[in-house]
Amino acid sequence: MRRWRDFARQLRLPRDMPMTSAPIRIAVLHFAHETVSFLKNDTTVDDFVYPGSPASGEQLLKSSPKSYMGGFVKVAREYDGVELVGIESPLWPKTGTGSGWITREAWDRFVGKMIAELKAQGPFQGVYLCVHGAMAARGVLRPEAELARLVREVVGAEAFIAATFDLHGNEDEEFLKAADMAFTVKYFPHYDEYLQGERAARMLVRAIRGDYKPAHITVRIPIITATVLQWTGASPWMDLVQRALTWEAREPDVYVNFFFGFPFADVPDVGMTVQVMTNGKPELAARISRDMAQAIWRQREALLRTTNVHDIAEGVALAKQAIARGARPVVLADHSDRSGYATHLLREIVAQDLANTVIATLADAKATAAVKASGARAGDAFNMDVGGLVDDSAGEPVRIKGTILNVAEGHGQFWVVVSFGRNNVLILSTFLVQVREPFGLKELGLDIETFDAFAIKSRVHFRRGFDDNGFAKTILLVEPSEPFLGTTRLDKLPYENVDLSQFYPYGNPDFEP
Ligand SMILES: [Zn+2]
C-alpha cells in the first residue's frame, strides 16, 4: 500500500484513486477455537498437529471450501491482480470443541510462526483473519484482538485487516481497535459462513483500493445466555437477524454484526456485542448500533424463553410418549455434554428401555483404541464399560453388552458401532461429535429410516438436518438435573474472569442503550 501511495504521490495522483491494475497482496491466516474453558483437558500443540494441519499456501486456502475460507478465496480471486498468500496456520484442533484452555505453549508456537512468516513474506496490503471469536488462551485475555494487534505491528497502519467470526465469539471494542473490519455469521445454525467470507474478501479489496473507509462502532450489551437458547429459527432471536438484515438492505455499505457470545469460555469479554460498520459514517454507525442494542435490551426476557429444556428422565419419558402416538422420529439432544463422554442420556435410555434408538455419539478415546487394538470386527461380541469419568459432567461409565455392527476409521477418529437392547445402536467415537444431520450415519451402515429416536449431543446445529428439513417430528432438548459444565444455569459455573452480577439475567445491570 505504502509503495503504491508513494508512486501515486510522485505522479500527483489522488491518494485514494481506485487503480484496478495495482497488484494487491493479501495474507491469509487461520486460528480458530471455541474453547470450553471449564473442561479439564487443555488444548495443546499436539491437538493442532495432524495430517493436513498446520496448513499453508494453497492447502490453507482450500482447507474449508464451503465455509468462511472458501467464500473468501472465491471472491478475492475474482479480482485481477489480487494475490493470496496462505500463511502457515493450524486448522481446528482434533478435539473439535471438546477441549479447554489453549496452552500458552500452543499459542506461542502457532502465533509466533504466523508472525514470523508474515514478516518474511511481506509486505502485504491486506490481511484476512479466519477466526472464531470464542478462543480462550492461557495468559492471553483477548486472543483474537491480540492476534490482530500482533499482525498490525507487522503490516503497518496503512494495511487493512478484515476478519470473519462465528456469532458465538466473545469480543469487545479491542478487536476493531486493532483490525479494520469484521463479518460475523447471522444464523444459528451457521448457514452463512461462506457468504461472510465472500463479503470479507470484497470489502477488503475495496478498502485497499480506497473505495471503503471503515467507520465502525462496538457496543456491548450486558446479557449472557447459554447457547442452546440462541436458535435463530425462533423469535426473538430470529427478529434480531431480520433487523440486522433490514439495516444492511436499507443503507448501502452498512454491515451489522452481532455476537450472541459463548458463556462456557471464562473470559472478560464474554456476552453479547453489536458491531456496525459503515463507509466513513460514524454517526450512522452509532444510530444503527443504538437501534440494535435497544431492540435486544427490550426483548431480554423473551430471549431466555425460546427453548424448553427438559430433565433427562423427563425427556426420555416424553420421547416414549411421542413414539407411541406416532410423532417419530424423535431427537433427544443432550445440549449440555461438552466433553462428549457424558453417559446420563445413555443410562436413562437403558433404564427406561427405549427401543429403536441411535445414540450418536459417546466419545471414549480409550474404549475405541482398545477395540481398534483388539482387531475386533463386525459380528464380534461387545462387552465393555463406556464413557464417563473425564470429569463430573461426564458421569459414570455404562456397561454395554451387544454385538459389533461396524468398525471404521475416518475423519480423524475411530468409530465403533454396537447394537444392543431392543434394536438400539450405540456409536462410539474418539472425540466429541456433534451430529448435525442423520444422513451421515448411513456411512456407518445404518438404515436411518428404521429408528424411532436419535440421541445426540448438540444444541442448535442439529436443526440443520433434523428440524429445518422436517425429518424429525419431535424435538426434545435435555440436560442432567445437576448443573454440569454445559448447563443453562450459568450461575452454577465456577467463573473467575466473569462477574455474572454485571449481566442480565443474573444481575440487574444499569444499561441504557
Ligand atoms: Zn457457533
# chains A, B, ... in the order shown; residues from 1 in each chain; ligands from 1
call {"tool": "residues_near_ligand", "arguments": {"ligand": "ligand 1", "cutoff": "9 Å", "atoms": "only C-alpha atoms and all ligand atoms", "output": "compact mmCIF listing (two decimals) with all heavy atoms, in the first residue's frame"}}
result
# COMPACT_ATOMS: atom_id res chain seq x y z
N GLU A 34 -13.45 -22.76 19.69
CA GLU A 34 -14.50 -22.39 20.62
C GLU A 34 -14.12 -23.13 21.90
O GLU A 34 -14.33 -24.33 22.01
CB GLU A 34 -15.86 -22.84 20.10
CG GLU A 34 -17.02 -22.45 20.98
CD GLU A 34 -18.34 -22.96 20.41
OE1 GLU A 34 -18.70 -24.12 20.71
OE2 GLU A 34 -19.00 -22.24 19.67
N HIS A 132 -12.67 -17.60 15.05
CA HIS A 132 -13.98 -17.97 15.56
C HIS A 132 -14.50 -16.91 16.52
O HIS A 132 -15.62 -16.43 16.37
CB HIS A 132 -13.89 -19.34 16.25
CG HIS A 132 -15.18 -19.80 16.85
ND1 HIS A 132 -15.69 -19.26 18.01
CD2 HIS A 132 -16.07 -20.74 16.46
CE1 HIS A 132 -16.84 -19.84 18.31
NE2 HIS A 132 -17.10 -20.74 17.38
N ALA A 134 -14.41 -17.29 20.03
CA ALA A 134 -14.58 -17.80 21.40
C ALA A 134 -13.35 -18.57 21.86
O ALA A 134 -13.43 -19.47 22.68
CB ALA A 134 -15.83 -18.67 21.52
N PHE A 165 -16.05 -14.08 11.73
CA PHE A 165 -16.30 -14.62 13.07
C PHE A 165 -17.55 -15.48 13.09
O PHE A 165 -18.50 -15.25 12.33
CB PHE A 165 -16.56 -13.47 14.06
CG PHE A 165 -15.35 -12.73 14.52
CD1 PHE A 165 -14.97 -11.55 13.88
CD2 PHE A 165 -14.61 -13.17 15.60
CE1 PHE A 165 -13.87 -10.84 14.30
CE2 PHE A 165 -13.51 -12.45 16.05
CZ PHE A 165 -13.14 -11.29 15.40
N ASP A 166 -17.57 -16.39 14.04
CA ASP A 166 -18.76 -17.11 14.45
C ASP A 166 -19.55 -16.18 15.39
O ASP A 166 -18.96 -15.40 16.13
CB ASP A 166 -18.31 -18.35 15.21
CG ASP A 166 -19.43 -19.32 15.51
OD1 ASP A 166 -20.32 -18.98 16.33
OD2 ASP A 166 -19.38 -20.43 14.99
N LEU A 167 -20.88 -16.26 15.36
CA LEU A 167 -21.65 -15.39 16.27
C LEU A 167 -21.50 -15.78 17.74
O LEU A 167 -21.96 -15.06 18.63
CB LEU A 167 -23.13 -15.34 15.85
CG LEU A 167 -23.97 -16.61 15.78
CD1 LEU A 167 -24.30 -17.16 17.15
CD2 LEU A 167 -25.25 -16.32 15.03
N HIS A 168 -20.83 -16.92 17.98
CA HIS A 168 -20.53 -17.29 19.37
C HIS A 168 -19.27 -16.64 19.91
O HIS A 168 -18.85 -16.93 21.03
CB HIS A 168 -20.44 -18.81 19.50
CG HIS A 168 -21.76 -19.45 19.34
ND1 HIS A 168 -22.08 -20.30 18.31
CD2 HIS A 168 -22.89 -19.29 20.06
CE1 HIS A 168 -23.35 -20.64 18.42
NE2 HIS A 168 -23.87 -20.05 19.46
N GLY A 169 -18.67 -15.78 19.10
CA GLY A 169 -17.47 -15.10 19.57
C GLY A 169 -17.76 -14.24 20.79
O GLY A 169 -18.87 -13.75 20.99
N VAL A 185 -21.28 -14.42 11.20
CA VAL A 185 -22.46 -15.12 10.69
C VAL A 185 -23.68 -14.60 11.46
O VAL A 185 -23.56 -14.18 12.61
CB VAL A 185 -22.38 -16.66 10.85
CG1 VAL A 185 -21.41 -17.26 9.86
CG2 VAL A 185 -22.04 -17.06 12.27
N PHE A 188 -27.92 -19.15 13.40
CA PHE A 188 -27.53 -20.29 14.24
C PHE A 188 -28.62 -21.34 14.08
O PHE A 188 -29.70 -21.11 14.59
CB PHE A 188 -27.38 -19.84 15.69
CG PHE A 188 -26.83 -20.90 16.62
CD1 PHE A 188 -26.10 -21.98 16.15
CD2 PHE A 188 -27.06 -20.80 17.99
CE1 PHE A 188 -25.59 -22.94 17.02
CE2 PHE A 188 -26.56 -21.75 18.87
CZ PHE A 188 -25.83 -22.82 18.38
N PRO A 189 -28.41 -22.44 13.31
CA PRO A 189 -27.19 -22.95 12.68
C PRO A 189 -26.54 -21.94 11.72
O PRO A 189 -27.26 -21.17 11.08
CB PRO A 189 -27.66 -24.18 11.90
CG PRO A 189 -28.97 -24.56 12.49
CD PRO A 189 -29.58 -23.30 13.02
N HIS A 190 -25.21 -22.02 11.59
CA HIS A 190 -24.45 -21.00 10.87
C HIS A 190 -24.49 -21.23 9.36
O HIS A 190 -23.52 -21.65 8.75
CB HIS A 190 -23.01 -21.00 11.36
CG HIS A 190 -22.86 -20.89 12.84
ND1 HIS A 190 -23.73 -20.15 13.62
CD2 HIS A 190 -21.96 -21.41 13.70
CE1 HIS A 190 -23.35 -20.23 14.89
NE2 HIS A 190 -22.29 -20.99 14.96
N THR A 227 -25.90 -21.29 25.02
CA THR A 227 -26.01 -21.33 23.56
C THR A 227 -27.26 -22.08 23.09
O THR A 227 -27.77 -21.79 22.02
CB THR A 227 -24.76 -21.96 22.94
OG1 THR A 227 -24.50 -23.20 23.60
CG2 THR A 227 -23.57 -21.06 23.11
N GLY A 261 -22.44 -14.46 21.90
CA GLY A 261 -21.49 -14.77 22.97
C GLY A 261 -21.47 -16.24 23.33
O GLY A 261 -22.40 -17.00 23.02
N PHE A 262 -20.36 -16.65 23.95
CA PHE A 262 -20.16 -18.05 24.31
C PHE A 262 -19.83 -18.12 25.81
O PHE A 262 -18.72 -17.82 26.22
CB PHE A 262 -19.02 -18.65 23.48
CG PHE A 262 -18.85 -20.12 23.70
CD1 PHE A 262 -19.81 -21.02 23.26
CD2 PHE A 262 -17.73 -20.62 24.37
CE1 PHE A 262 -19.66 -22.38 23.47
CE2 PHE A 262 -17.58 -21.98 24.57
CZ PHE A 262 -18.55 -22.85 24.13
N HIS A 461 -27.11 -26.81 16.23
CA HIS A 461 -26.65 -27.18 14.88
C HIS A 461 -27.40 -28.37 14.30
O HIS A 461 -27.54 -28.48 13.08
CB HIS A 461 -25.14 -27.45 14.88
CG HIS A 461 -24.33 -26.19 14.91
ND1 HIS A 461 -24.50 -25.19 13.98
CD2 HIS A 461 -23.37 -25.74 15.76
CE1 HIS A 461 -23.68 -24.19 14.25
NE2 HIS A 461 -22.99 -24.50 15.33
call {"tool": "residues_around", "arguments": {"residues": "A:Phe124", "least_positions_apart": "3", "cutoff": "12 Å", "atoms": "only C-alpha atoms", "output": "PyMOL selection string"}}
result
chain A and resi 1-4+23-28+82-87+117-121+127-128+151-152+154-161+208
call {"tool": "residues_around", "arguments": {"residues": "A:Phe183", "least_positions_apart": "5", "cutoff": "10 Å", "atoms": "only C-alpha atoms", "output": "mmCIF file with N, CA, C and O atoms, in the first residue's frame"}}
result
data_model
loop_
_atom_site.group_PDB
_atom_site.id
_atom_site.type_symbol
_atom_site.label_atom_id
_atom_site.label_comp_id
_atom_site.auth_asym_id
_atom_site.auth_seq_id
_atom_site.Cartn_x
_atom_site.Cartn_y
_atom_site.Cartn_z
ATOM 1 N N TYR A 68 -16.143 -20.098 5.660
ATOM 2 C CA TYR A 68 -15.593 -18.751 5.538
ATOM 3 C C TYR A 68 -14.438 -18.697 4.528
ATOM 4 O O TYR A 68 -14.394 -17.825 3.664
ATOM 5 N N ALA A 162 -9.101 -7.599 7.870
ATOM 6 C CA ALA A 162 -10.518 -7.988 7.942
ATOM 7 C C ALA A 162 -10.601 -9.404 8.504
ATOM 8 O O ALA A 162 -9.730 -10.235 8.247
ATOM 9 N N ALA A 163 -11.677 -9.674 9.252
ATOM 10 C CA ALA A 163 -11.827 -10.993 9.870
ATOM 11 C C ALA A 163 -13.246 -11.496 9.700
ATOM 12 O O ALA A 163 -14.180 -10.703 9.538
ATOM 13 N N THR A 164 -13.390 -12.808 9.721
ATOM 14 C CA THR A 164 -14.716 -13.397 9.841
ATOM 15 C C THR A 164 -14.820 -14.096 11.194
ATOM 16 O O THR A 164 -13.835 -14.618 11.717
ATOM 17 N N PHE A 165 -16.046 -14.078 11.733
ATOM 18 C CA PHE A 165 -16.295 -14.616 13.066
ATOM 19 C C PHE A 165 -17.549 -15.482 13.090
ATOM 20 O O PHE A 165 -18.499 -15.247 12.331
ATOM 21 N N ASP A 166 -17.566 -16.388 14.041
ATOM 22 C CA ASP A 166 -18.763 -17.113 14.447
ATOM 23 C C ASP A 166 -19.551 -16.184 15.386
ATOM 24 O O ASP A 166 -18.956 -15.402 16.130
ATOM 25 N N LEU A 167 -20.881 -16.262 15.362
ATOM 26 C CA LEU A 167 -21.655 -15.393 16.268
ATOM 27 C C LEU A 167 -21.501 -15.779 17.735
ATOM 28 O O LEU A 167 -21.960 -15.062 18.626
ATOM 29 N N GLU A 193 -21.736 -18.943 6.623
ATOM 30 C CA GLU A 193 -20.274 -18.827 6.769
ATOM 31 C C GLU A 193 -19.621 -18.431 5.439
ATOM 32 O O GLU A 193 -18.799 -17.514 5.382
ATOM 33 N N LEU A 195 -20.937 -17.011 2.858
ATOM 34 C CA LEU A 195 -21.369 -15.659 2.493
ATOM 35 C C LEU A 195 -20.533 -14.598 3.215
ATOM 36 O O LEU A 195 -20.120 -13.595 2.623
ATOM 37 N N GLN A 196 -20.274 -14.797 4.500
ATOM 38 C CA GLN A 196 -19.493 -13.799 5.244
ATOM 39 C C GLN A 196 -18.042 -13.793 4.766
ATOM 40 O O GLN A 196 -17.398 -12.734 4.743
ATOM 41 N N GLY A 197 -17.527 -14.958 4.363
ATOM 42 C CA GLY A 197 -16.186 -14.998 3.774
ATOM 43 C C GLY A 197 -16.144 -14.199 2.471
ATOM 44 O O GLY A 197 -15.209 -13.432 2.227
ATOM 45 N N GLU A 198 -17.177 -14.351 1.650
ATOM 46 C CA GLU A 198 -17.260 -13.592 0.388
ATOM 47 C C GLU A 198 -17.255 -12.082 0.655
ATOM 48 O O GLU A 198 -16.563 -11.314 -0.002
ATOM 49 N N ARG A 199 -18.051 -11.668 1.647
ATOM 50 C CA ARG A 199 -18.141 -10.245 1.961
ATOM 51 C C ARG A 199 -16.801 -9.707 2.456
ATOM 52 O O ARG A 199 -16.390 -8.599 2.089
ATOM 53 N N ALA A 200 -16.130 -10.488 3.277
ATOM 54 C CA ALA A 200 -14.840 -10.040 3.823
ATOM 55 C C ALA A 200 -13.855 -9.783 2.680
ATOM 56 O O ALA A 200 -13.127 -8.786 2.688
ATOM 57 N N MET A 203 -14.905 -6.560 0.630
ATOM 58 C CA MET A 203 -14.707 -5.316 1.362
ATOM 59 C C MET A 203 -13.236 -5.045 1.640
ATOM 60 O O MET A 203 -12.812 -3.892 1.689
ATOM 61 N N TYR A 255 -22.762 -2.781 7.416
ATOM 62 C CA TYR A 255 -22.684 -4.179 7.858
ATOM 63 C C TYR A 255 -22.973 -4.225 9.351
ATOM 64 O O TYR A 255 -22.378 -3.478 10.119
ATOM 65 N N VAL A 256 -23.920 -5.071 9.715
ATOM 66 C CA VAL A 256 -24.314 -5.175 11.123
ATOM 67 C C VAL A 256 -23.944 -6.569 11.636
ATOM 68 O O VAL A 256 -24.419 -7.578 11.107
ATOM 69 N N ASN A 257 -23.086 -6.599 12.618
ATOM 70 C CA ASN A 257 -22.676 -7.867 13.238
ATOM 71 C C ASN A 257 -23.243 -7.943 14.641
ATOM 72 O O ASN A 257 -23.284 -6.943 15.353
ATOM 73 N N PHE A 258 -23.677 -9.159 15.035
ATOM 74 C CA PHE A 258 -23.904 -9.356 16.461
ATOM 75 C C PHE A 258 -23.215 -10.629 16.894
ATOM 76 O O PHE A 258 -23.080 -11.580 16.126
ATOM 77 N N GLN A 275 -21.614 -4.934 16.525
ATOM 78 C CA GLN A 275 -20.663 -4.101 15.774
ATOM 79 C C GLN A 275 -21.391 -3.590 14.536
ATOM 80 O O GLN A 275 -22.100 -4.344 13.883
ATOM 81 N N VAL A 276 -21.193 -2.311 14.224
ATOM 82 C CA VAL A 276 -21.755 -1.773 12.980
ATOM 83 C C VAL A 276 -20.629 -1.105 12.201
ATOM 84 O O VAL A 276 -19.865 -0.317 12.757
ATOM 85 N N MET A 277 -20.533 -1.441 10.912
ATOM 86 C CA MET A 277 -19.526 -0.837 10.035
ATOM 87 C C MET A 277 -20.218 -0.018 8.955
ATOM 88 O O MET A 277 -21.237 -0.431 8.404
#
call {"tool": "residues_around", "arguments": {"residues": "A:Gln352", "least_positions_apart": "3", "cutoff": "9 Å", "atoms": "only C-alpha atoms", "output": "JSON, numbers by chain"}}
result
{"A": [313, 316, 317, 320, 347, 348, 349]}
call {"tool": "select_by_dssp", "arguments": {"residues": "stretch 415-450 of chain A", "states": "strand (DSSP E or B)", "output": "PyMOL selection string"}}
result
chain A and resi 415-420+424-429
call {"tool": "atom_distance", "arguments": {"atom1": "atom CA of A:Arg104", "atom2": "atom CA of A:Asp269"}}
result
19.1 Å
call {"tool": "residues_around", "arguments": {"residues": "A:Ala322", "least_positions_apart": "2", "cutoff": "12 Å", "atoms": "only C-alpha atoms", "output": "PyMOL selection string"}}
result
chain A and resi 315-320+324-332+354+452-453+472-476
call {"tool": "residues_around", "arguments": {"residues": "stretch 385-388 of chain A", "least_positions_apart": "6", "cutoff": "7 Å", "atoms": "only C-alpha atoms", "output": "list in words"}}
result
Tyr341, Ala342, Thr343, Leu362, Ala363, Asp364, Ala367, Ala394, Gly395, Glu396, Pro397, Val398, Arg399 and Ile400 of chain A
call {"tool": "closest_residue", "arguments": {"among": "A:Glu479, A:Glu437, A:Glu251, A:Asp192", "to": "A:Glu314", "atoms": "only C-alpha atoms"}}
result
A:Glu479
call {"tool": "select_by_dssp", "arguments": {"residues": "stretch 224-441 of chain A", "states": "alpha helix (DSSP H)", "output": "JSON, numbers by chain"}}
result
{"A": [237, 238, 239, 240, 241, 242, 243, 244, 245, 246, 247, 248, 249, 250, 282, 283, 284, 285, 286, 287, 288, 289, 290, 291, 292, 293, 294, 295, 296, 297, 298, 300, 301, 302, 303, 312, 313, 314, 315, 316, 317, 318, 319, 320, 321, 322, 323, 324, 344, 345, 346, 347, 348, 349, 350, 351, 365, 366, 367, 368, 369, 370, 371, 372, 373, 374]}
call {"tool": "residues_around", "arguments": {"residues": "A:Glu512", "least_positions_apart": "5", "cutoff": "9 Å", "atoms": "only C-alpha atoms", "output": "list in words"}}
result
Ala293, Gln294 and Trp297 of chain A
call {"tool": "closest_residue", "arguments": {"among": "A:Val390, A:Val478, A:Val49, A:Ala373", "to": "A:His344", "atoms": "only C-alpha atoms"}}
result
A:Val478
call {"tool": "closest_residue", "arguments": {"among": "A:Leu61, A:Leu490, A:Val45, A:Leu304", "to": "A:Lys94", "atoms": "only C-alpha atoms"}}
result
A:Val45
call {"tool": "closest_residue", "arguments": {"among": "A:Asp239, A:Glu146, A:Asp42, A:Glu482", "to": "A:Ile102", "atoms": "only C-alpha atoms"}}
result
A:Asp42
